[in-house]
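Below is one structure, written out as structure tokens; the observations come after it.
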Amino acid sequence: MKIVTVGTGMAAAEFVQQLRLGGFDDEIVMLSDEPHAPYSPCVIPYLLAGEPPNNVYWKGRDFYQRYRITARLNETVVKIDREQGRLRTASGLVEGYDKLFFAAGSRSWFPRPEWLGVEGVFGFKTLSDMQAIDRYIEEQAVRRAVVVGGGFIGLDAALALRHRGLQVSLVHCHERLLERMTDADGGRFATDQLKQRSGIAFHMSAEVASLDSRNGQLHGVRLQSGTAIEASLLIVATGFKPNSAALTGVEGGVAVGDDLLADPRVLVAGDVAVTRHAISGPDGLYATAPNAIAQARVAAANILGGNERYAGSLNANILRKHLDFPVVSAGLFEGEAVTFTNDRLFRRVYLQDGRIHGYILVGDSRLAGYIYNLYVSRESVAANIAGILADIRGESYYRSLMDLAPAAINC
Amino acid sequence: MKKIFVDYRKCVACKSCETACAVAHHPNGSLFGLVGDIRTQVNVRVLGVEHEAFPVSCRHCDPAACLTACPAGAIARDAASGAVVQNPEKCQACAMCAMVCPFDAISFKHTHRALPGREVAYKCDLCHQRLAQGHAPACVQACHSGALVFKVSEPQREKRAVASLKVYLLGEGGEPPLFALHRELRRKTFARRRMGKS
């Protein structure tokens with residue numbers, strides 16, 4: 001059986017590794033529109049902050065040799081003929097398959113694609129992006145940068161550049177940062193903390209109206225409010241689009257059930273897969289590393305003869321890189337809110353039928369794992385949750401273990 | 001595999017485990033090396049909860065949520081000991097592991113093993129390098145009260161470990177009278193303190 005993967009991202013790399021470790025001996029071909037060994041998108045922002053370059057190759061730089069993969073790199077898949085079981089790339093290469101693992105990932109979405117014609121404007125998604133930004137900062141001795149987009153990736157970019165010593169301005173269209181990861185109060189708390197402690201200049205409820213370029217090179221940006229910001233580097237992190245067109249003809253992602261099959265010969269995983277939420281939430285694109293890895297493992301187990309079902313995705317995430325106050329969240333922010341807050345911490349859990357439906361934790365990661373497990377295990381927590389949220393020493397789990405009553409809230 | 005089991009009823013909060021762990025993981029390998037060293041790494045933490053004390057450290061779960069969640073390939077299982085081990089050179093301190101660990105067993109710090117100027121996640125490594133040389137984990141060797149025991153975890157237990165978070169507790173040996181007395185005194189002291197506060 002010949003297996004072909006579209007993509008060499010986290011899902012595809014995990015899938016292939018699991019196949020080989022599970023004894024799969026037939027031909028495997030991996031295609032990517034980039035020239036690299038499999039890398040971790042979660043690690044690449046650190047490259048800008050001075051990380052050793054080899055660390056991005058999370059399964060080793062010799063991945064293709066080690067697992068006997070035919071790697072077809074710099075090949076963009078443009079058309080997949082599902083009837084015939086073969087695909088075609090932009091360069092004209094045709095590759096047949098018995099099983100296709102479609103994990104083509106997603107790409108940056110640019111509100112104004114024409115900006116990319118200006119030297120010094122970059123997306124923030126791929127290792128190629130990161131290497132180009134790194135090179136540009138070195139060559140042009142960049143001192144000032146602007147990041148557009150205050151979501152997870154935009155903040156990641158801004159913090160990495162700040163860590164490198166650049167003066168960073170972040171332009172965000174919303175009144176608070178991370179508005180998808182937080183509710184109104186939690187987002188405001190996180191935004192205030194970031195304003196005070198990150199050293200980044202934030203321009204909220206703002207949009208970039210135009211770029212100021214000289215001889216084709218970026219010199220600054222002008223906001224709709226009229227404010228001008230001088231900068232020779234602009235990073236656009238305003239969103240992503242799944243690369244599903246080659247398989248389905250449309251770009252909204254590929255919907256799959258718990259078998260992860262788009263048809264009997266095509267498995268779908270990673271940023272491009274539309275999956276069910278494991279606990280609370282609608283079907284959707286849940287583009288995080290743990291989901292991709294879990295999907296890849298289910299897919300590989302089934303190729304190896306198993307009969308596993310995907311348990312659904314979680315939207316749990318944590319922003320901590322270059323920050324001493326993590327922002328953690330998961331689930332939906334609907335239901336009865338229980339909150340604990342002080343000058344350093346904001347913790348809120350949303351309950352439905354006494355069970356955790358969603359949560360936001362800003363300030364530390366002490367409780368994050370325990371709350372995560374209460375959320376995933378669907379335990380009833382209505383009686384204890386206020387005491388748990390007020391726990392600043394991380395003792396709640398151990399209290400339950402030693403059959404001690406939850407802490408009184410005011411001590 | 002062999003694991004560190006906890007019988008918290010026998011813990012007298014002497015913190016010998018913390019000191020021994022710090023020494024075992026210090027490049028200097030001696031108590032003096034720890035003095036004033038902010039990069040000292042202590043992988044076990046004696047948590048006092050009311051009158052009880054609990055030595056908190058990694059349980060080396062199988063399957064391990066942290067290992068599956070790590071997007072940097074920095075957590076792996078040591079083949080010989082079964083320990084879940086972090087690679088400080090690959091770790092980015094993104095905290096995905098801490099986000100899913102129910103035991104609060106993972107902390108962040110610029111340890112001696114971290115690359116210059118960087119925080120890393122750190123946790124108990126089951127002293128797998130000591131194990132390879134035939135020694136017990138440092139904390140277990142240092143524990144004089146029998147609260148920490150290094151013994152084989154039966155497959156039956158392993159299965160339950162996935163479902164229950166309580167499975168690494170010991171207690172089948174019963175509680176010696178002196179320990180019971182000690183705990184009772186602590187409980188009373190604690191209750192008195194609490195009365196005084198309110």
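Please note that chains go A, B, ... in the order of the structure tokens, that every chain numbers its residues from 1, and that ligands are numbered from 1 in the order shown.
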Could you name the residues that touch region 113-123 of chain B at 6 Å or less, counting only C-alpha atoms, but leaving out those on the same chain fewer than 6 positions away, as an mmCIF file with C-alpha atoms, in the first residue's frame?
data_model
loop_
_atom_site.group_PDB
_atom_site.id
_atom_site.type_symbol
_atom_site.label_atom_id
_atom_site.label_comp_id
_atom_site.auth_asym_id
_atom_site.auth_seq_id
_atom_site.Cartn_x
_atom_site.Cartn_y
_atom_site.Cartn_z
ATOM 1 C CA ASN B 43 11.915 18.492 41.352
ATOM 2 C CA PRO B 88 16.000 21.141 28.390
ATOM 3 C CA CYS B 91 12.112 22.872 25.627
ATOM 4 C CA ALA B 93 8.775 26.746 28.070
ATOM 5 C CA ILE B 106 5.875 20.952 36.105
ATOM 6 C CA SER B 107 7.548 24.248 36.952
#
Discussion item. Neighbouring residues of Ala142 (chain B) were defined as those with any atom within 10 Å, considering only C-alpha atoms; residues of the same chain fewer than 5 positions away were excluded. Please report them as an NGL selection string.
Written reply: :B and (15-21 or 136-137 or 148)
Worksheet item: Between CA of Val327 (chain A) and CA of Gly123 (chain A), what is the spacing in Å?
Response: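 Separation between CA of Gly123 (chain A) and CA of Val327 (chain A): 23.6 Å.
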Discussion item. Show me, as a ChimeraX atom specification, every residue of chain A with an atom at most 6 Å from chain B, counting only C-alpha atoms.
Written reply: /A:55,58,290,320-321,368-370
Discussion item. Among chain B, which residues does DSSP mark as strand (DSSP E or B) when it is run on the backbone? Keep the chain and numbering as in the structure and answer as a ChimeraX atom specification.
Written reply: /B:2-6,45-49,52-56,75-77,84-86,107-109,120-122,148-152,169
Write out as an mmCIF file with N, CA and C atoms, in the first residue's frame the residues lying within 12 Å of Gly33 (chain B), counting only C-alpha atoms and excluding same-chain residues fewer than 4 positions away.
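Written file, result.cif:
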data_model
loop_
_atom_site.group_PDB
_atom_site.id
_atom_site.type_symbol
_atom_site.label_atom_id
_atom_site.label_comp_id
_atom_site.auth_asym_id
_atom_site.auth_seq_id
_atom_site.Cartn_x
_atom_site.Cartn_y
_atom_site.Cartn_z
ATOM 1 N N THR B 19 15.945 18.518 49.561
ATOM 2 C CA THR B 19 17.382 18.787 49.610
ATOM 3 C C THR B 19 18.153 17.758 48.786
ATOM 4 N N ALA B 22 17.693 18.384 45.114
ATOM 5 C CA ALA B 22 18.444 19.552 44.659
ATOM 6 C C ALA B 22 19.926 19.215 44.494
ATOM 7 N N VAL B 23 20.466 18.479 45.439
ATOM 8 C CA VAL B 23 21.886 18.105 45.361
ATOM 9 C C VAL B 23 22.116 17.182 44.164
ATOM 10 N N ALA B 24 21.225 16.193 44.013
ATOM 11 C CA ALA B 24 21.400 15.218 42.935
ATOM 12 C C ALA B 24 21.316 15.876 41.555
ATOM 13 N N HIS B 25 20.574 16.979 41.440
ATOM 14 C CA HIS B 25 20.419 17.619 40.136
ATOM 15 C C HIS B 25 21.271 18.872 39.992
ATOM 16 N N HIS B 26 22.178 19.090 40.939
ATOM 17 C CA HIS B 26 23.034 20.275 40.864
ATOM 18 C C HIS B 26 24.368 19.894 40.210
ATOM 19 N N PRO B 27 24.888 20.733 39.325
ATOM 20 C CA PRO B 27 26.150 20.376 38.666
ATOM 21 C C PRO B 27 27.282 20.186 39.674
ATOM 22 N N ASN B 28 27.173 20.865 40.809
ATOM 23 C CA ASN B 28 28.193 20.776 41.831
ATOM 24 C C ASN B 28 28.081 19.481 42.629
ATOM 25 N N GLY B 29 26.874 18.952 42.741
ATOM 26 C CA GLY B 29 26.654 17.685 43.415
ATOM 27 C C GLY B 29 26.839 17.727 44.922
ATOM 28 N N ASP B 37 22.267 29.836 45.203
ATOM 29 C CA ASP B 37 22.216 29.597 43.762
ATOM 30 C C ASP B 37 20.761 29.614 43.273
ATOM 31 N N ILE B 38 20.392 30.657 42.555
ATOM 32 C CA ILE B 38 18.993 30.776 42.132
ATOM 33 C C ILE B 38 18.635 29.792 41.025
ATOM 34 N N ARG B 39 19.634 29.158 40.417
ATOM 35 C CA ARG B 39 19.327 28.206 39.343
ATOM 36 C C ARG B 39 19.148 26.778 39.862
ATOM 37 N N THR B 40 19.218 26.627 41.162
ATOM 38 C CA THR B 40 18.994 25.314 41.773
ATOM 39 C C THR B 40 17.640 24.751 41.352
ATOM 40 N N GLN B 41 17.660 23.472 41.025
ATOM 41 C CA GLN B 41 16.450 22.813 40.521
ATOM 42 C C GLN B 41 15.978 21.791 41.549
ATOM 43 N N HIS B 112 20.129 25.119 35.646
ATOM 44 C CA HIS B 112 21.490 24.915 35.137
ATOM 45 C C HIS B 112 21.488 24.184 33.799
#
